[in-house]
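Notes for the one structure printed next.
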Number of protein chains: 2
Amino acid sequence: MCTHLLYSVSGKRNLLFIPGPVEVEEEILLASSKPVVNHRGKIFHEIFDDTKRKLKEVLLTKNEVVILTASGTGAVEALAANFAPGRKALVVNSGEFGSRLAETLKVYGAEVVEVAAELGSAPKLEAVVSQMDSVKPDVVAFVYNDTSPGVRLSYARELVKEAKSRGALILVDAVSAVGGDELRIDAWGIDALAGASQKCLAAPPGLSFVVLNDEARENMSKDVKSVYFDLRRYLEYSAKSETPFTPAVTLFYAFNSALERILRFGVEKWISMHVERAAALYRAFAALGLTPFVEEEFRSRTVLSFTTPQSVNAAEFRKALIEKYDIEVAGGLGKLKDRIVRVGVMGRIPMRDIVALVTAVGLEMKERGVEANLPEALAELAKLATYEHL
Amino acid sequence: MCTHLLYSVSGKRNLLFIPGPVEVEEEILLASSKPVVNHRGKIFHEIFDDTKRKLKEVLLTKNEVVILTASGTGAVEALAANFAPGRKALVVNSGEFGSRLAETLKVYGAEVVEVAAELGSAPKLEAVVSQMDSVKPDVVAFVYNDTSPGVRLSYARELVKEAKSRGALILVDAVSAVGGDELRIDAWGIDALAGASQKCLAAPPGLSFVVLNDEARENMSKDVKSVYFDLRRYLEYSAKSETPFTPAVTLFYAFNSALERILRFGVEKWISMHVERAAALYRAFAALGLTPFVEEEFRSRTVLSFTTPQSVNAAEFRKALIEKYDIEVAGGLGKLKDRIVRVGVMGRIPMRDIVALVTAVGLEMKERGVEANLPEALAELAKLATYEHL
């Protein structure tokens, strides 16, 4: 029977500590199994409005929000399609998603200049500002949190300020950050931002969104070379509580439920839960003999990357976590494949799962002859205040 | 509580007889509430391969299939993005989706010539062939079943043959037809076809797909102006049982379950169920005083359109069906708004729901003073052989 495919084919499922999609609570999964309704009818209108309202509340924004049936890459493509044509763009690149952002902007007709850094770091703010002054871009675009090396653009707020003061339009890929990191769309003045459902908002994958302020809406290209990602169509239909094309109706139910979960917990607390948990896990993993891959200033709070000691092959280590503990962390991409492990910590994760992760990593490090201090690592977790209120 | 939003906000849900999304069986809805897995892991690999295999079986094709996280419009856009650039395209246009197809091909850089017909009809095959001879298009594109007026391109097979014999590449938007109408991708020689999950395959909306034969894969543009819809990326990742970007994992479960349902029932029987049911409903509605809007040759088997008698305003009639019977049929689009009703009949629909629909339409016609023969209409339904095996 196909309903049981997930179990009958494979027998077991692993606990996810990957850079998304993340574990989704049962309440949210079940919400998606409600009957499909007419996407042009009254019930969907209510769900659409309610979901948009909740999303804006969770994102702490008063700007307009557009929800797309597409992955986060789709939302980033919508940014490119509507803001790239014929413009000069400066892209701050700290990893694979920075490269993808630059590529997508080029595909949609922007002239792109990149400021890049060594893997595991980000370009210095001064270098970016100096490039702004020489390039004079119409658009400044960056990935707030690049999961491929686990880099967070910690100076994003200052960067936006510098770019705004030079009259540039700011585009941000915040797919792996929104809801899980300090990020103030309105207060910082981000013009257009892309996010997705399956990362720190902890809903199933399949929906993504774009947040647009007045300036962004006034500066949309009139030459959008896409029908599906033409944001003007979405804004027009949004006024009648609909999407221009058939939305993933059942994923709207789940997304709504996931947002409700965050609001119930408290948005600020949800964000600080991510921040505190990441800090505790950096300390815990250090006690186990793992070294953060990224320099301190730029360490991500949602995808934590570590190098293993010389004696431990990262890919084999990762495989052992799956085979012995049913726990999945991610590997490095490209040339980082055997060098780093990446641990996604997004959304609500029960303390027992965090404990299981740290314990498995500790035991597996010991297994490989590394002096791992498991009691110290676990003591870091015990300090996590947010877990009293989960 | 948000889990119950669907009911708490609106109280009731209507039975859907719209041009999609369609009613989804509980077994399929529940499949989508299973836990999210790593889209780069072993379990997803198995689900991906199994879903693709089932989809090919249901589509009666040996060609390559690419599954997208996007609506049907997204799949049509993928056709355009990968086959339009720099080409001359002839578009057979029988309604709104024909216009959208032509527009999308233009957006992606095709020079487009349209052959259109009066609303409620299709261009004559001879006219299309003669345009082919004068335009000499690289690409011939059409919507197999345009739901906006309810027109089916009944000569599709001959059209494909004529176009193939002239060396053109054939692109088909079959979103509202696949699985619910006679359509032979391989036998007819369709090079590239777009379909979606939420129509005759009766899964929730959010996934769509593109079917590509060898010739299509050899003739993909090298200048694809999209990242998200770049089919070459999907084909590359498909070889390792993955998608290039995060897929709607839980919708894959549901889609797999829906395809399993069709295979259990029998693909050929599933298709003839649609064909016979449509024929019976045209007769039933005629007995109730409704006139098919489309000329006989081109009547759709999946979205049936009717004009109401002069005395009956179609929009008000539709509203009454919702308010009194909790049944939703669709209205006409644009200038057909008050003139026609459109009845979507796709996927598995229990006989009790078909009976409820026909009865409601009959009673509502009588209410408006029309001489509707309800016993005769219901007798047509009783003849439906497939309902013994549902």
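Ordering of the structure tokens sets the chain letters (A, B, ...); residue numbers start at 1 within each chain; ligands are numbered from 1 in the order shown.
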- request: Run DSSP on the backbone and give me the residues of segment 190-302 of chain A it puts in helix (DSSP H, G or I), as a PyMOL selection string.
  value: chain A and resi 214-218+231-238+249-265+267-287+296-298
field: Interface residues on chain A facing chain B, 7 Å, only C-alpha atoms, written as a PyMOL selection string
entry: chain A and resi 2-3+10+16+21+23-24+27+29-36+38+43+69-71+73-74+104+107-108+204-206+225-228+245-250+257+260
Just-selected residues, N, CA and C atoms written as a compact mmCIF listing (two decimals), in the first residue's frame:
```txt
# COMPACT_ATOMS: atom_id res chain seq x y z
N CYS A 2 0.53 2.12 -0.89
CA CYS A 2 1.37 3.28 -1.10
C CYS A 2 1.38 4.24 0.09
N THR A 3 0.29 4.29 0.83
CA THR A 3 0.25 5.21 1.97
C THR A 3 1.40 4.93 2.91
N SER A 10 11.77 1.48 3.25
CA SER A 10 13.06 1.68 3.90
C SER A 10 13.14 1.28 5.36
N LEU A 16 16.58 14.47 11.30
CA LEU A 16 17.23 15.42 10.39
C LEU A 16 17.96 16.56 11.10
N PRO A 21 15.27 20.45 4.21
CA PRO A 21 14.12 20.65 5.10
C PRO A 21 14.39 20.12 6.50
N GLU A 23 12.81 18.86 10.54
CA GLU A 23 11.74 18.09 11.19
C GLU A 23 10.49 18.98 11.33
N VAL A 24 9.35 18.43 11.01
CA VAL A 24 8.10 19.18 11.10
C VAL A 24 7.21 18.52 12.16
N GLU A 27 1.47 18.09 14.40
CA GLU A 27 0.32 18.98 14.26
C GLU A 27 0.34 19.70 12.90
N LEU A 29 2.16 18.69 10.15
CA LEU A 29 2.03 17.68 9.09
C LEU A 29 0.58 17.31 8.87
N LEU A 30 -0.12 17.12 9.97
CA LEU A 30 -1.52 16.70 9.86
C LEU A 30 -2.39 17.79 9.24
N ALA A 31 -2.02 19.04 9.49
CA ALA A 31 -2.79 20.14 8.90
C ALA A 31 -2.82 20.02 7.38
N SER A 32 -1.73 19.48 6.81
CA SER A 32 -1.66 19.39 5.35
C SER A 32 -2.51 18.27 4.78
N SER A 33 -3.11 17.46 5.64
CA SER A 33 -3.92 16.36 5.11
C SER A 33 -5.41 16.69 5.08
N LYS A 34 -5.72 17.97 5.30
CA LYS A 34 -7.12 18.36 5.20
C LYS A 34 -7.53 18.47 3.73
N PRO A 35 -8.84 18.38 3.47
CA PRO A 35 -9.29 18.37 2.07
C PRO A 35 -8.87 19.61 1.28
N VAL A 36 -8.62 19.39 0.01
CA VAL A 36 -8.29 20.48 -0.91
C VAL A 36 -9.54 21.34 -1.14
N ASN A 38 -11.22 24.92 -3.26
CA ASN A 38 -11.13 25.77 -4.45
C ASN A 38 -10.21 26.96 -4.15
N ILE A 43 -13.16 29.92 1.24
CA ILE A 43 -12.34 29.32 2.29
C ILE A 43 -10.86 29.60 2.01
N THR A 69 4.47 29.01 -4.92
CA THR A 69 4.58 27.55 -4.88
C THR A 69 5.86 27.20 -5.62
N ALA A 70 6.94 27.11 -4.87
CA ALA A 70 8.28 26.88 -5.42
C ALA A 70 9.23 26.77 -4.24
N SER A 71 10.41 26.23 -4.48
CA SER A 71 11.42 26.18 -3.42
C SER A 71 12.02 27.56 -3.20
N THR A 73 14.88 28.59 -3.99
CA THR A 73 15.55 29.01 -5.22
C THR A 73 14.57 29.73 -6.14
N GLY A 74 13.31 29.29 -6.12
CA GLY A 74 12.27 29.96 -6.90
C GLY A 74 12.05 31.39 -6.42
N THR A 104 21.89 33.81 -11.10
CA THR A 104 20.49 34.05 -11.42
C THR A 104 20.27 35.50 -11.84
N VAL A 107 21.38 35.70 -15.38
CA VAL A 107 20.42 35.06 -16.28
C VAL A 107 19.30 36.04 -16.63
N TYR A 108 18.92 36.87 -15.65
CA TYR A 108 17.83 37.82 -15.88
C TYR A 108 18.32 39.20 -16.32
N PRO A 204 6.62 22.05 5.98
CA PRO A 204 7.13 21.21 4.89
C PRO A 204 7.63 22.07 3.73
N PRO A 205 8.54 21.54 2.91
CA PRO A 205 9.02 22.30 1.75
C PRO A 205 7.98 22.41 0.65
N GLY A 206 8.11 23.43 -0.19
CA GLY A 206 7.22 23.57 -1.34
C GLY A 206 6.67 24.98 -1.49
N LYS A 225 11.11 38.73 -17.56
CA LYS A 225 11.15 37.63 -18.52
C LYS A 225 10.72 36.31 -17.87
N SER A 226 9.61 36.33 -17.19
CA SER A 226 9.05 35.13 -16.60
C SER A 226 7.57 35.37 -16.41
N VAL A 227 6.78 34.35 -16.57
CA VAL A 227 5.36 34.47 -16.24
C VAL A 227 5.17 33.99 -14.80
N TYR A 228 5.75 32.83 -14.49
CA TYR A 228 5.54 32.21 -13.18
C TYR A 228 6.11 33.05 -12.05
N PHE A 245 -1.64 31.70 -10.10
CA PHE A 245 -1.64 30.32 -10.57
C PHE A 245 -1.98 29.41 -9.40
N THR A 246 -2.45 28.19 -9.71
CA THR A 246 -2.88 27.27 -8.65
C THR A 246 -1.81 27.11 -7.57
N PRO A 247 -2.11 27.47 -6.34
CA PRO A 247 -1.13 27.31 -5.27
C PRO A 247 -1.17 25.88 -4.70
N ALA A 248 -0.14 25.52 -3.95
CA ALA A 248 -0.12 24.23 -3.25
C ALA A 248 -1.02 24.38 -2.02
N VAL A 249 -2.32 24.23 -2.23
CA VAL A 249 -3.33 24.51 -1.20
C VAL A 249 -3.03 23.81 0.13
N THR A 250 -2.71 22.53 0.07
CA THR A 250 -2.51 21.79 1.33
C THR A 250 -1.24 22.24 2.06
N SER A 257 -0.22 26.58 9.86
CA SER A 257 -0.11 25.91 11.15
C SER A 257 1.29 26.12 11.75
N GLU A 260 1.51 29.66 13.03
CA GLU A 260 0.72 29.71 14.27
C GLU A 260 1.55 29.18 15.44
```
message: List the spatial neighbours of segment 278-281 of chain B as a ChimeraX atom specification - criterion: any atom at most 7 Å away, only C-alpha atoms, same-chain residues fewer than 5 positions off excluded.
response: /B:301-302,380-381
message: As an exercise, work out the distance from atom CA of Lys62 of chain A to atom CA of Gly189 of chain A in Å and give it to one decimal place.
response: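 Separation of atom CA of Lys62 of chain A and atom CA of Gly189 of chain A: 11.5 Å.
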- request: Rank B:Ala141, B:Leu60, B:Ile340, B:Leu125 by their smallest atom-to-atom distance to Ser99 of chain B, using only C-alpha atoms, and report the top residue only.
  value: B:Ala141
Which neighbours of Leu290 of chain B fall inside 8 Å, counting only C-alpha atoms, when residues of the same chain fewer than 3 positions from it are skipped, and could you give them as a compact mmCIF listing (two decimals) with N, CA, C and O atoms, in the first residue's frame?
```txt
# COMPACT_ATOMS: atom_id res chain seq x y z
N PHE B 285 -26.99 16.83 -18.54
CA PHE B 285 -27.20 18.28 -18.46
C PHE B 285 -28.12 18.77 -19.57
O PHE B 285 -28.89 19.72 -19.37
N ALA B 286 -28.04 18.12 -20.73
CA ALA B 286 -28.95 18.50 -21.83
C ALA B 286 -30.38 18.24 -21.41
O ALA B 286 -31.28 19.07 -21.66
N ALA B 287 -30.60 17.13 -20.73
CA ALA B 287 -31.95 16.80 -20.26
C ALA B 287 -32.43 17.83 -19.25
O ALA B 287 -33.64 17.97 -19.01
N PHE B 306 -21.30 24.84 -20.31
CA PHE B 306 -22.69 24.92 -20.76
C PHE B 306 -23.17 26.36 -20.73
O PHE B 306 -22.79 27.13 -19.84
N THR B 307 -24.04 26.69 -21.67
CA THR B 307 -24.75 27.95 -21.56
C THR B 307 -26.08 27.65 -20.90
O THR B 307 -26.68 26.60 -21.10
N THR B 308 -26.50 28.58 -20.06
CA THR B 308 -27.80 28.43 -19.42
C THR B 308 -28.86 29.06 -20.32
O THR B 308 -28.53 29.87 -21.19
N PRO B 309 -30.13 28.69 -20.15
CA PRO B 309 -31.19 29.34 -20.94
C PRO B 309 -31.18 30.85 -20.67
O PRO B 309 -30.71 31.29 -19.62
```
query: What does the distance between atom CA of Asp138 of chain A and atom CA of Leu169 of chain A come to in Å, to one decimal place?
result: 6.2 Å
statement: Judged by only C-alpha atoms, the minimum distance to Asp230 of chain B among B:Arg277, B:Arg217, B:Arg342, B:Arg368 is found for B:Arg217
Give me, as an mmCIF file with N, CA and C atoms, in the first residue's frame, all polymer residues having an atom no more than 10 Å from Leu59 of chain B, counting only C-alpha atoms and skipping those fewer than 5 positions away in the same chain.
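See around.cif below for the written result:
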```cif
data_model
loop_
_atom_site.group_PDB
_atom_site.id
_atom_site.type_symbol
_atom_site.label_atom_id
_atom_site.label_comp_id
_atom_site.auth_asym_id
_atom_site.auth_seq_id
_atom_site.Cartn_x
_atom_site.Cartn_y
_atom_site.Cartn_z
ATOM 1 N N ARG B 53 8.637 6.266 -11.780
ATOM 2 C CA ARG B 53 8.250 5.018 -12.457
ATOM 3 C C ARG B 53 6.737 4.927 -12.593
ATOM 4 N N LYS B 54 6.038 5.245 -11.496
ATOM 5 C CA LYS B 54 4.574 5.183 -11.522
ATOM 6 C C LYS B 54 3.998 6.229 -12.473
ATOM 7 N N VAL B 65 10.877 11.746 -17.553
ATOM 8 C CA VAL B 65 9.923 12.602 -16.849
ATOM 9 C C VAL B 65 10.659 13.434 -15.807
ATOM 10 N N VAL B 178 -4.009 15.063 -19.067
ATOM 11 C CA VAL B 178 -3.279 13.807 -18.813
ATOM 12 C C VAL B 178 -3.970 12.965 -17.755
ATOM 13 N N GLY B 179 -4.183 11.717 -18.086
ATOM 14 C CA GLY B 179 -4.820 10.796 -17.163
ATOM 15 C C GLY B 179 -6.329 10.783 -17.313
ATOM 16 N N LEU B 183 -4.789 10.204 -24.927
ATOM 17 C CA LEU B 183 -3.581 10.973 -25.215
ATOM 18 C C LEU B 183 -2.440 9.977 -25.179
ATOM 19 N N ARG B 184 -1.747 9.839 -26.300
ATOM 20 C CA ARG B 184 -0.645 8.873 -26.369
ATOM 21 C C ARG B 184 0.639 9.609 -26.693
ATOM 22 N N ILE B 185 1.400 9.858 -25.650
ATOM 23 C CA ILE B 185 2.615 10.656 -25.820
ATOM 24 C C ILE B 185 3.580 9.978 -26.796
ATOM 25 N N ASP B 186 3.848 8.697 -26.545
ATOM 26 C CA ASP B 186 4.843 7.991 -27.362
ATOM 27 C C ASP B 186 4.300 7.663 -28.749
ATOM 28 N N GLY B 195 2.307 18.615 -17.582
ATOM 29 C CA GLY B 195 1.121 18.168 -16.853
ATOM 30 C C GLY B 195 1.236 18.582 -15.399
ATOM 31 N N LEU B 201 -5.082 13.457 -12.297
ATOM 32 C CA LEU B 201 -4.327 12.499 -11.488
ATOM 33 C C LEU B 201 -4.740 12.585 -10.021
ATOM 34 N N VAL B 211 7.345 15.871 -19.682
ATOM 35 C CA VAL B 211 7.746 14.607 -20.304
ATOM 36 C C VAL B 211 8.545 14.938 -21.560
ATOM 37 N N LEU B 259 -0.905 8.213 -7.772
ATOM 38 C CA LEU B 259 -0.548 7.415 -8.952
ATOM 39 C C LEU B 259 -0.784 5.932 -8.686
ATOM 40 N N VAL B 267 -4.949 1.981 -15.603
ATOM 41 C CA VAL B 267 -4.792 3.254 -16.317
ATOM 42 C C VAL B 267 -5.834 3.428 -17.412
#
```
message: Report, in Å to a single decimal, how far apart atom CA of Val129 of chain A and atom CA of Val303 of chain A are.
response: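 Taking atom CA of Val303 of chain A and atom CA of Val129 of chain A, their separation equals 26.7 Å.
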task: Give the answer as one residue: which of B:Ala385, B:Leu235, B:Val160, B:Val92 has the shortest atom-to-atom distance to Ala116 of chain B, using only C-alpha atoms?
output: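 Residue with the minimum atom-to-atom distance to Ala116 of chain B: B:Val92.
Residues in contact with Trp188 of chain B at up to 12 Å, not including ones fewer than 2 positions away on its chain and judged by only C-alpha atoms, are Leu60, Thr61, Tyr155, Ala156, Arg157, Glu158, Leu159, Val160, Lys161, Glu162, Ala163, Lys164, Ser165, Ile170, Val172, Glu182, Leu183, Arg184, Ile185, Asp186, Ile190, Asp191, Ala192, Leu193 and Asn213 of chain B.
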